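Printed here is entry04.cif (mmCIF, C-alpha atoms and all ligand atoms):
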data_coords
loop_
_atom_site.label_atom_id
_atom_site.label_comp_id
_atom_site.auth_asym_id
_atom_site.auth_seq_id
_atom_site.Cartn_x
_atom_site.Cartn_y
_atom_site.Cartn_z
CA ALA K 1 6.78 -187.41 -241.09
CA CYS K 2 3.46 -185.69 -241.56
CA GLN K 3 3.67 -182.76 -239.18
CA LEU K 4 5.83 -179.67 -239.47
CA ASP K 5 8.08 -179.89 -236.43
CA LYS K 6 8.56 -183.62 -236.79
CA TRP K 7 9.46 -183.02 -240.38
CA ALA K 8 11.80 -180.14 -239.50
CA LYS K 9 13.68 -182.12 -236.85
CA ALA K 10 14.06 -185.10 -239.17
CA ALA K 11 15.44 -182.70 -241.77
CA GLY K 12 18.03 -181.34 -239.33
CA LEU K 13 16.45 -178.13 -237.99
CA LYS K 14 15.92 -177.38 -234.31
CA TYR K 15 12.27 -176.46 -234.70
CA PHE K 16 9.35 -175.38 -236.84
CA GLY K 17 7.21 -172.90 -234.95
CA THR K 18 4.38 -170.41 -235.02
CA ALA K 19 3.43 -167.10 -233.47
CA VAL K 20 0.48 -167.30 -231.09
CA ASP K 21 -1.48 -164.23 -230.03
CA ASN K 22 -3.58 -163.77 -226.90
CA PRO K 23 -7.06 -163.58 -228.46
CA SER K 24 -6.65 -167.03 -230.00
CA LEU K 25 -5.91 -168.71 -226.65
CA SER K 26 -9.63 -169.18 -226.00
CA ASN K 27 -10.23 -170.88 -229.36
CA GLN K 28 -10.05 -174.59 -228.59
CA GLY K 29 -9.83 -175.78 -232.18
CA TYR K 30 -6.99 -173.36 -232.79
CA MET K 31 -5.17 -174.28 -229.58
CA LYS K 32 -5.37 -178.00 -230.26
CA ILE K 33 -3.11 -177.48 -233.28
CA ALA K 34 -1.02 -174.71 -231.71
CA ARG K 35 -0.16 -176.94 -228.73
CA ASP K 36 0.66 -179.97 -230.83
CA LYS K 37 4.42 -180.09 -230.48
CA ASP K 38 4.87 -182.37 -233.43
CA GLU K 39 3.26 -179.66 -235.53
CA PHE K 40 4.90 -176.66 -233.83
CA GLY K 41 7.93 -177.33 -231.69
CA GLN K 42 8.28 -173.63 -230.94
CA ILE K 43 5.98 -170.69 -230.28
CA THR K 44 6.45 -166.91 -230.20
CA PRO K 45 4.09 -164.49 -228.45
CA ALA K 46 2.81 -162.25 -231.23
CA ASN K 47 2.30 -159.29 -228.90
CA GLY K 48 2.40 -160.27 -225.25
CA GLN K 49 6.04 -159.48 -224.49
CA LYS K 50 6.28 -156.15 -226.29
CA TRP K 51 7.14 -153.01 -224.33
CA SER K 52 3.58 -151.67 -224.59
CA ASN K 53 2.39 -154.80 -222.81
CA THR K 54 5.18 -155.31 -220.32
CA GLU K 55 5.89 -151.74 -219.14
CA SER K 56 3.07 -149.54 -220.34
CA SER K 57 3.90 -146.96 -217.72
CA GLN K 58 7.37 -146.43 -216.37
CA GLY K 59 8.45 -148.93 -213.76
CA ARG K 60 5.11 -150.75 -213.73
CA PHE K 61 5.65 -154.18 -215.15
CA GLY K 62 2.91 -156.51 -216.31
CA TYR K 63 3.34 -160.01 -217.60
CA GLY K 64 -0.20 -161.31 -217.98
CA SER K 65 -0.31 -161.40 -221.77
CA GLY K 66 3.24 -162.68 -222.18
CA ASP K 67 2.84 -165.30 -219.48
CA ALA K 68 -0.36 -166.62 -221.03
CA ILE K 69 1.64 -167.64 -224.10
CA ALA K 70 4.82 -168.60 -222.24
CA ASN K 71 2.76 -170.92 -220.04
CA VAL K 72 1.57 -172.83 -223.09
CA ALA K 73 5.17 -173.54 -224.01
CA LYS K 74 5.92 -174.51 -220.42
CA GLN K 75 3.06 -177.01 -220.37
CA THR K 76 3.72 -178.53 -223.76
CA GLY K 77 7.51 -178.40 -223.73
CA GLN K 78 7.61 -176.27 -226.85
CA LEU K 79 10.57 -173.92 -227.28
CA LEU K 80 9.72 -170.27 -226.63
CA ARG K 81 11.16 -167.54 -228.82
CA CYS K 82 10.79 -164.35 -226.82
CA HIS K 83 9.82 -161.22 -228.73
CA THR K 84 10.89 -158.40 -228.30
CA LEU K 85 12.81 -156.20 -225.84
CA VAL K 86 13.65 -153.00 -227.69
CA TRP K 87 11.59 -151.87 -230.66
CA TYR K 88 10.47 -148.47 -231.93
CA ASN K 89 6.93 -149.76 -232.48
CA GLN K 90 4.35 -150.77 -229.91
CA LEU K 91 6.45 -148.63 -227.62
CA PRO K 92 4.56 -146.73 -224.92
CA SER K 93 4.66 -142.98 -225.47
CA TRP K 94 6.49 -142.30 -222.18
CA VAL K 95 9.65 -143.86 -223.66
CA SER K 96 9.60 -141.32 -226.48
CA SER K 97 10.05 -138.23 -224.30
CA ASN K 98 13.27 -136.30 -224.81
CA TYR K 99 15.62 -138.26 -222.61
CA ASN K 100 19.36 -137.76 -222.65
CA LYS K 101 21.77 -140.60 -223.15
CA ASP K 102 22.14 -141.54 -219.48
CA GLN K 103 18.43 -141.47 -218.88
CA MET K 104 17.67 -143.62 -221.90
CA GLN K 105 20.41 -146.05 -220.95
CA ARG K 106 18.79 -146.45 -217.53
CA ILE K 107 15.34 -146.87 -219.06
CA ILE K 108 16.58 -149.63 -221.33
CA THR K 109 18.53 -151.29 -218.52
CA THR K 110 15.50 -151.33 -216.24
CA HIS K 111 13.21 -152.61 -218.96
CA ILE K 112 15.48 -155.45 -220.01
CA GLN K 113 16.48 -156.44 -216.48
CA ASN K 114 12.84 -156.75 -215.52
CA VAL K 115 11.39 -158.35 -218.62
CA ALA K 116 14.27 -160.68 -219.49
CA GLY K 117 14.64 -161.32 -215.75
CA HIS K 118 11.00 -162.35 -215.48
CA TYR K 119 11.35 -164.79 -218.39
CA LYS K 120 14.84 -165.96 -217.42
CA GLY K 121 15.35 -169.60 -218.27
CA GLN K 122 12.19 -169.80 -220.37
CA CYS K 123 13.41 -168.29 -223.63
CA TYR K 124 15.27 -170.30 -226.21
CA ALA K 125 15.99 -166.95 -227.82
CA TRP K 126 15.25 -163.27 -227.34
CA ASP K 127 14.73 -160.81 -230.17
CA VAL K 128 16.72 -158.22 -228.23
CA VAL K 129 16.44 -155.43 -230.77
CA ASN K 130 13.84 -155.37 -233.52
CA GLU K 131 13.77 -153.32 -236.73
CA ALA K 132 16.53 -150.77 -236.13
CA PHE K 133 16.77 -149.76 -239.81
CA GLU K 134 14.78 -148.04 -242.50
CA ASP K 135 14.68 -149.83 -245.84
CA ASP K 136 17.39 -147.52 -247.20
CA GLY K 137 19.79 -148.72 -244.51
CA LYS K 138 19.65 -145.60 -242.36
CA PHE K 139 19.03 -146.06 -238.67
CA ARG K 140 15.45 -145.41 -237.70
CA GLN K 141 15.18 -142.23 -235.69
CA SER K 142 13.62 -144.04 -232.75
CA ALA K 143 13.61 -142.52 -229.29
CA MET K 144 16.38 -144.95 -228.37
CA TYR K 145 18.52 -144.01 -231.35
CA ARG K 146 17.98 -140.30 -230.88
CA ALA K 147 19.20 -140.51 -227.31
CA MET K 148 22.05 -143.00 -227.67
CA GLY K 149 22.94 -143.60 -231.31
CA VAL K 150 24.02 -147.15 -232.11
CA ASP K 151 25.11 -147.57 -228.47
CA TYR K 152 21.49 -148.36 -227.62
CA ILE K 153 21.85 -151.62 -229.51
CA THR K 154 25.19 -152.55 -227.95
CA HIS K 155 23.83 -151.72 -224.53
CA SER K 156 20.64 -153.74 -225.03
CA PHE K 157 22.59 -156.87 -225.95
CA LYS K 158 24.93 -156.44 -222.99
CA VAL K 159 22.11 -156.11 -220.50
CA ALA K 160 20.18 -158.99 -222.05
CA SER K 161 23.17 -161.31 -221.80
CA GLN K 162 23.85 -160.33 -218.21
CA THR K 163 20.20 -160.89 -217.35
CA ASP K 164 19.57 -164.18 -219.14
CA PRO K 165 22.88 -165.71 -220.21
CA GLY K 166 21.13 -168.86 -221.40
CA ALA K 167 19.04 -167.22 -224.11
CA LYS K 168 20.30 -166.84 -227.66
CA LEU K 169 20.35 -163.14 -228.38
CA TYR K 170 19.04 -162.07 -231.76
CA TYR K 171 18.86 -158.99 -233.89
CA ASN K 172 15.58 -159.25 -235.87
CA ASP K 173 14.38 -157.31 -238.93
CA PHE K 174 12.37 -157.46 -242.17
CA ASN K 175 13.49 -156.89 -245.76
CA ILE K 176 16.84 -158.43 -244.92
CA GLU K 177 16.01 -161.74 -246.58
CA ARG K 178 16.77 -161.13 -250.28
CA CYS K 179 20.39 -160.62 -251.16
CA CYS K 180 21.50 -157.95 -251.27
CA ASN K 181 20.29 -154.51 -250.40
CA ALA K 182 21.22 -151.45 -248.37
CA LYS K 183 19.44 -152.74 -245.29
CA ILE K 184 21.40 -156.01 -245.34
CA ASN K 185 24.66 -154.09 -245.72
CA ALA K 186 23.67 -151.79 -242.87
CA THR K 187 22.77 -154.76 -240.70
CA ILE K 188 26.14 -156.39 -241.32
CA ALA K 189 28.00 -153.15 -240.54
CA MET K 190 25.96 -152.65 -237.37
CA ILE K 191 26.56 -156.20 -236.12
CA LYS K 192 30.30 -155.73 -236.66
CA THR K 193 30.25 -152.39 -234.84
CA ILE K 194 28.37 -153.61 -231.81
CA LYS K 195 30.35 -156.84 -231.55
CA ALA K 196 33.54 -154.80 -231.60
CA ALA K 197 32.03 -152.79 -228.73
CA GLY K 198 31.47 -155.97 -226.74
CA ALA K 199 27.85 -156.85 -227.57
CA PRO K 200 27.23 -160.59 -227.42
CA VAL K 201 25.09 -161.24 -230.51
CA ASP K 202 24.19 -164.87 -231.18
CA GLY K 203 21.80 -164.67 -234.05
CA ILE K 204 20.13 -162.75 -236.83
CA GLY K 205 16.40 -163.20 -237.30
CA MET K 206 14.98 -162.62 -240.73
CA GLN K 207 11.27 -161.94 -240.41
CA GLY K 208 10.24 -162.98 -243.91
CA HIS K 209 6.97 -161.18 -244.58
CA SER K 210 6.66 -161.40 -248.35
CA ARG K 211 4.28 -161.54 -251.29
CA VAL K 212 3.26 -164.49 -253.41
CA GLY K 213 5.14 -164.49 -256.72
CA LYS K 214 7.53 -161.80 -255.52
CA SER K 215 9.15 -163.50 -252.63
CA PRO K 216 12.93 -164.13 -252.65
CA SER K 217 14.35 -167.13 -254.47
CA LYS K 218 16.20 -169.85 -252.62
CA LYS K 219 19.48 -168.55 -254.02
CA GLU K 220 18.76 -164.97 -252.95
CA LEU K 221 17.93 -166.20 -249.47
CA MET K 222 21.02 -168.39 -249.25
CA ASP K 223 23.33 -165.63 -250.49
CA THR K 224 22.16 -163.42 -247.62
CA MET K 225 22.54 -166.19 -245.08
CA ALA K 226 26.05 -166.91 -246.33
CA ARG K 227 26.98 -163.33 -245.49
CA PHE K 228 25.23 -163.37 -242.12
CA SER K 229 26.83 -166.73 -241.29
CA GLU K 230 30.22 -165.05 -241.11
CA LEU K 231 29.02 -162.87 -238.25
CA VAL K 232 26.83 -164.92 -235.92
CA SER K 233 26.44 -168.49 -234.72
CA GLU K 234 22.85 -168.96 -235.80
CA LEU K 235 20.15 -167.68 -238.13
CA ALA K 236 16.40 -168.14 -238.18
CA TYR K 237 13.33 -167.18 -240.16
CA THR K 238 11.28 -165.65 -237.40
CA GLU K 239 7.98 -164.37 -238.83
CA ILE K 240 7.26 -166.03 -242.14
CA ASP K 241 4.06 -165.27 -243.97
CA ILE K 242 3.63 -165.01 -247.73
CA ARG K 243 0.57 -163.02 -248.64
CA HIS K 244 -1.52 -162.91 -251.75
CA THR K 245 -1.85 -159.36 -253.04
CA LYS K 246 -5.01 -160.18 -254.94
CA LEU K 247 -8.02 -161.89 -253.39
CA PRO K 248 -9.79 -164.20 -253.86
CA THR K 249 -7.03 -166.58 -254.88
CA SER K 250 -7.01 -169.14 -257.68
CA ALA K 251 -5.62 -172.66 -257.44
CA ALA K 252 -2.62 -171.40 -259.42
CA ASP K 253 -2.05 -168.61 -256.87
CA ARG K 254 -2.05 -171.15 -254.07
CA GLU K 255 0.44 -173.34 -255.95
CA GLN K 256 2.69 -170.31 -256.39
CA GLN K 257 2.43 -169.65 -252.66
CA ALA K 258 3.49 -173.23 -252.01
CA LYS K 259 6.57 -172.73 -254.22
CA ASP K 260 7.44 -169.52 -252.40
CA TYR K 261 7.23 -171.22 -248.99
CA LEU K 262 9.37 -174.06 -250.31
CA ASP K 263 12.13 -171.63 -251.26
CA VAL K 264 12.33 -170.42 -247.66
CA VAL K 265 12.29 -173.91 -246.24
CA ALA K 266 14.86 -175.22 -248.70
CA ALA K 267 17.16 -172.25 -248.13
CA CYS K 268 17.08 -172.83 -244.37
CA LEU K 269 17.66 -176.58 -244.74
CA GLU K 270 20.70 -176.01 -246.91
CA THR K 271 22.25 -173.36 -244.66
CA PRO K 272 24.10 -174.96 -241.76
CA LYS K 273 23.51 -172.07 -239.38
CA CYS K 274 19.78 -171.76 -240.04
CA VAL K 275 18.22 -173.35 -236.95
CA GLY K 276 14.50 -172.98 -237.55
CA ILE K 277 11.48 -171.41 -239.13
CA THR K 278 8.63 -169.61 -237.38
CA ILE K 279 5.46 -168.65 -239.22
CA TRP K 280 3.64 -165.48 -238.16
CA ASP K 281 0.64 -167.41 -237.08
CA TYR K 282 -0.33 -170.61 -238.72
CA THR K 283 -3.86 -169.75 -239.82
CA ASP K 284 -5.39 -166.99 -241.93
CA GLN K 285 -7.94 -166.65 -239.16
CA TYR K 286 -5.48 -164.78 -236.95
CA SER K 287 -3.02 -163.36 -239.47
CA TRP K 288 -2.07 -159.69 -238.99
CA ILE K 289 -1.84 -159.18 -242.76
CA PRO K 290 -5.41 -158.12 -243.67
CA GLY K 291 -5.28 -155.51 -240.89
CA GLN K 292 -1.93 -154.17 -242.03
CA TYR K 293 -2.37 -154.49 -245.82
CA PRO K 294 -6.07 -154.12 -246.63
CA GLY K 295 -7.15 -156.28 -249.54
CA GLU K 296 -4.22 -158.66 -249.12
CA GLY K 297 -4.00 -161.86 -247.13
CA GLU K 298 -4.35 -165.64 -247.02
CA ALA K 299 -0.67 -165.61 -246.12
CA CYS K 300 -0.54 -168.63 -243.81
CA LEU K 301 -0.19 -172.41 -244.11
CA PHE K 302 -3.70 -173.12 -242.82
CA ASP K 303 -6.83 -171.40 -244.06
CA LYS K 304 -9.42 -169.64 -241.90
CA SER K 305 -11.17 -172.94 -241.16
CA LEU K 306 -7.89 -174.55 -240.07
CA ASN K 307 -7.57 -176.63 -243.23
CA LYS K 308 -4.06 -177.25 -244.54
CA LYS K 309 -3.23 -175.43 -247.75
CA PRO K 310 -1.01 -176.59 -250.64
CA ALA K 311 1.89 -174.69 -249.05
CA TYR K 312 1.59 -176.93 -245.99
CA THR K 313 1.44 -180.17 -247.95
CA SER K 314 4.33 -179.16 -250.17
CA ILE K 315 6.59 -178.64 -247.16
CA ILE K 316 5.67 -181.98 -245.65
CA SER K 317 6.16 -183.76 -248.96
CA LEU K 318 9.74 -182.46 -249.17
CA PHE K 319 10.64 -185.34 -246.94
C1 LIG A 1 2.45 -157.63 -235.32
C2 LIG A 1 1.34 -158.43 -234.67
O1 LIG A 1 1.17 -159.65 -235.34
C3 LIG A 1 0.06 -157.64 -234.68
O2 LIG A 1 -0.95 -158.31 -233.95
C4 LIG A 1 0.29 -156.25 -234.07
O3 LIG A 1 -0.88 -155.49 -234.20
C5 LIG A 1 1.44 -155.56 -234.76
O4 LIG A 1 2.59 -156.38 -234.71
N1 LIG A 1 7.17 -157.39 -237.23
C6 LIG A 1 7.27 -157.82 -235.93
C7 LIG A 1 6.05 -158.30 -235.22
O5 LIG A 1 8.37 -157.93 -235.40
O6 LIG A 1 6.11 -158.02 -233.84
C8 LIG A 1 4.79 -157.72 -235.80
O7 LIG A 1 3.66 -158.33 -235.19
C9 LIG A 1 4.77 -157.91 -237.30
C10 LIG A 1 5.94 -157.22 -237.95
#
Kindly present the structure from the file in structure tokens form.
Amino acid sequence: ACQLDKWAKAAGLKYFGTAVDNPSLSNQGYMKIARDKDEFGQITPANGQKWSNTESSQGRFGYGSGDAIANVAKQTGQLLRCHTLVWYNQLPSWVSSNYNKDQMQRIITTHIQNVAGHYKGQCYAWDVVNEAFEDDGKFRQSAMYRAMGVDYITHSFKVASQTDPGAKLYYNDFNIERCCNAKINATIAMIKTIKAAGAPVDGIGMQGHSRVGKSPSKKELMDTMARFSELVSELAYTEIDIRHTKLPTSAADREQQAKDYLDVVAACLETPKCVGITIWDYTDQYSWIPGQYPGEGEACLFDKSLNKKPAYTSIISLF
């Protein structure tokens, strides 16, 4: 096989996918590759389904940005990972007023019923709750947490499963890839707590934003997945990018990046419950990294001109 999703399926995964963001939809060269289902069997809207886009003011729902990406998947037959229902970030300010528990519960119910209802039947998976923890394992003091405590997570999963029973329901976070740290322990404890309270959790998504030369080893990744595998029926790498911290890069840097990507891919292949890998956009042209971490970047498998990098070829040559 010489394309990523073909390769991934032959190797036993369900998919190899990429995030796609709205501004890139008008770039034909970009879209030709993004829509190629042998390359990417799955896509994730990078922003379109977030709360700030879907319910920017209370009770007023808008699906233009999310639909634009979801429609690509519909046309091509690519799987759609839906992202994300409840997150502290890219949250419109009206959600952060001082609501009491009942009010917040209703806000979350309405949001999920509408958004997951709108996309019902289209999502292979939903990232129901995103990034509930700080790196030290404490719950983030989000508006949802302040009003409801951990019940906001239980409640979100319950409503999501009632609304779209066919979607796999994921908890998704970053810095939960490398075994083992406080955030991984907190995630495990939280999943146990909410399952005991009746939350139907199908999967854990590990985002996988890391740095070249410092990214987790295959063993560190597999040790984490072994622990998560005891709790849920599937696991996925949901937002992989591996950024260089020093630019411009040398050939040796790019070889190191290839090795780091291979660790992720190999760890997933060797973990029975790991169903797929999504990269957080496939080209450096649209990567969020330079905006978020100034001076860093070139984190993707394709360069800015849509040429394949050593990391791409090393994955394909695994086969
Ligand atoms: C990022 C998008 O890629 C950017 O375009 C946006 O400005 C900020 O969010 N974790 C997540 C993703 O779960 O939703 C984030 O996406 C990256 C970090």
Selection as a PyMOL selection string: residues within 9 Å of ligand LIG 1 (chain A) by only C-alpha atoms and all ligand atoms: chain K and resi 19-21+45-47+50+83-84+87+89-90+127+130-131+172-174+207+209+238-239+280-281+286-289+291-292
Got time to write the residues from that selection, C-alpha atoms, as a compact mmCIF listing (two decimals), in the coordinates of the input?
# COMPACT_ATOMS: atom_id res chain seq x y z
CA ALA K 19 3.43 -167.10 -233.47
CA VAL K 20 0.48 -167.30 -231.09
CA ASP K 21 -1.48 -164.23 -230.03
CA PRO K 45 4.09 -164.49 -228.45
CA ALA K 46 2.81 -162.25 -231.23
CA ASN K 47 2.30 -159.29 -228.90
CA LYS K 50 6.28 -156.15 -226.29
CA HIS K 83 9.82 -161.22 -228.73
CA THR K 84 10.89 -158.40 -228.30
CA TRP K 87 11.59 -151.87 -230.66
CA ASN K 89 6.93 -149.76 -232.48
CA GLN K 90 4.35 -150.77 -229.91
CA ASP K 127 14.73 -160.81 -230.17
CA ASN K 130 13.84 -155.37 -233.52
CA GLU K 131 13.77 -153.32 -236.73
CA ASN K 172 15.58 -159.25 -235.87
CA ASP K 173 14.38 -157.31 -238.93
CA PHE K 174 12.37 -157.46 -242.17
CA GLN K 207 11.27 -161.94 -240.41
CA HIS K 209 6.97 -161.18 -244.58
CA THR K 238 11.28 -165.65 -237.40
CA GLU K 239 7.98 -164.37 -238.83
CA TRP K 280 3.64 -165.48 -238.16
CA ASP K 281 0.64 -167.41 -237.08
CA TYR K 286 -5.48 -164.78 -236.95
CA SER K 287 -3.02 -163.36 -239.47
CA TRP K 288 -2.07 -159.69 -238.99
CA ILE K 289 -1.84 -159.18 -242.76
CA GLY K 291 -5.28 -155.51 -240.89
CA GLN K 292 -1.93 -154.17 -242.03
Residues within 6 Å of segment 210-216 of chain K, all atoms listed in the file, excluding chain neighbours under 4 positions, as a ChimeraX atom specification: /K:178,220,242-244,257
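For the set K:Gly205, K:Pro310, K:Gly48, K:Gly137, the residue with the smallest atom-to-atom gap to Pro23 of chain K is K:Gly48, counting only C-alpha atoms.
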Nearest residue to Leu91 of chain K from the set K:Met144, K:Cys300, K:Val201, K:Ile43 (distances using all atoms listed in the file):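 Checking each of K:Met144, K:Cys300, K:Val201, K:Ile43 against Leu91 of chain K, counting all atoms listed in the file, the winner is K:Met144.
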Shell around Gln141 of chain K at 12 Å using all atoms listed in the file, local window under 5 positions removed, as a ChimeraX atom specification: /K:87-89,96,131-134,146-150,152
Separation of atom CA of Asp223 of chain K from atom CA of Ile188 of chain K in Å: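 Result for atom CA of Ile188 of chain K versus atom CA of Asp223 of chain K: 13.3 Å, one decimal.
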Minimum-distance residue to Asp260 of chain K, chosen among K:Leu306, K:Ile240, K:Ala182, K:Val128 (using all atoms listed in the file):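 Distance minimum relative to Asp260 of chain K lands on K:Ile240.
Using only C-alpha atoms for every distance, the candidate list K:Met222, K:Met104, K:Cys82, K:Ile184 yields K:Cys82 as the residue closest to Tyr170 of chain K.
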Spatial neighbours of His111 of chain K, max dist 9 Å, all atoms listed in the file, sep filter under 2 positions, as number ranges by chain: K: 51, 54-55, 58-59, 61, 85-86, 106-109, 113-116
Best match for closeness to Ile33 of chain K among K:Gly17, K:Pro248, K:Gly297, K:Pro92, counting all atoms listed in the file: K:Gly17
For Ser317 of chain K, the nearest of the candidates K:Gln3, K:Asp151, K:Tyr293, K:Lys32, counting all atoms listed in the file: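 Answer, going by the shortest atom-to-atom distance: K:Gln3.
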Point (29.6, -155.7, -230.9) neighbourhood (10 Å, all atoms listed in the file) written as an MDAnalysis selection string: chainID K and resid 151 153:155 157:158 190:201
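Counting all atoms listed in the file, Arg81 of chain K has the following residues at most 6 Å away, ignoring those fewer than 3 positions along the same chain: Thr44, Cys123, Tyr124 and Ala125 of chain K.
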Report, as JSON, the axis-aligned box around all atoms of segment 140-149 of chain K present in the file, extended by 6 Å on each side; give centre and edge lengths in Å to one decimal place.
{"center_x": 18.3, "center_y": -142.9, "center_z": -232.5, "size_x": 21.3, "size_y": 17.1, "size_z": 22.4}
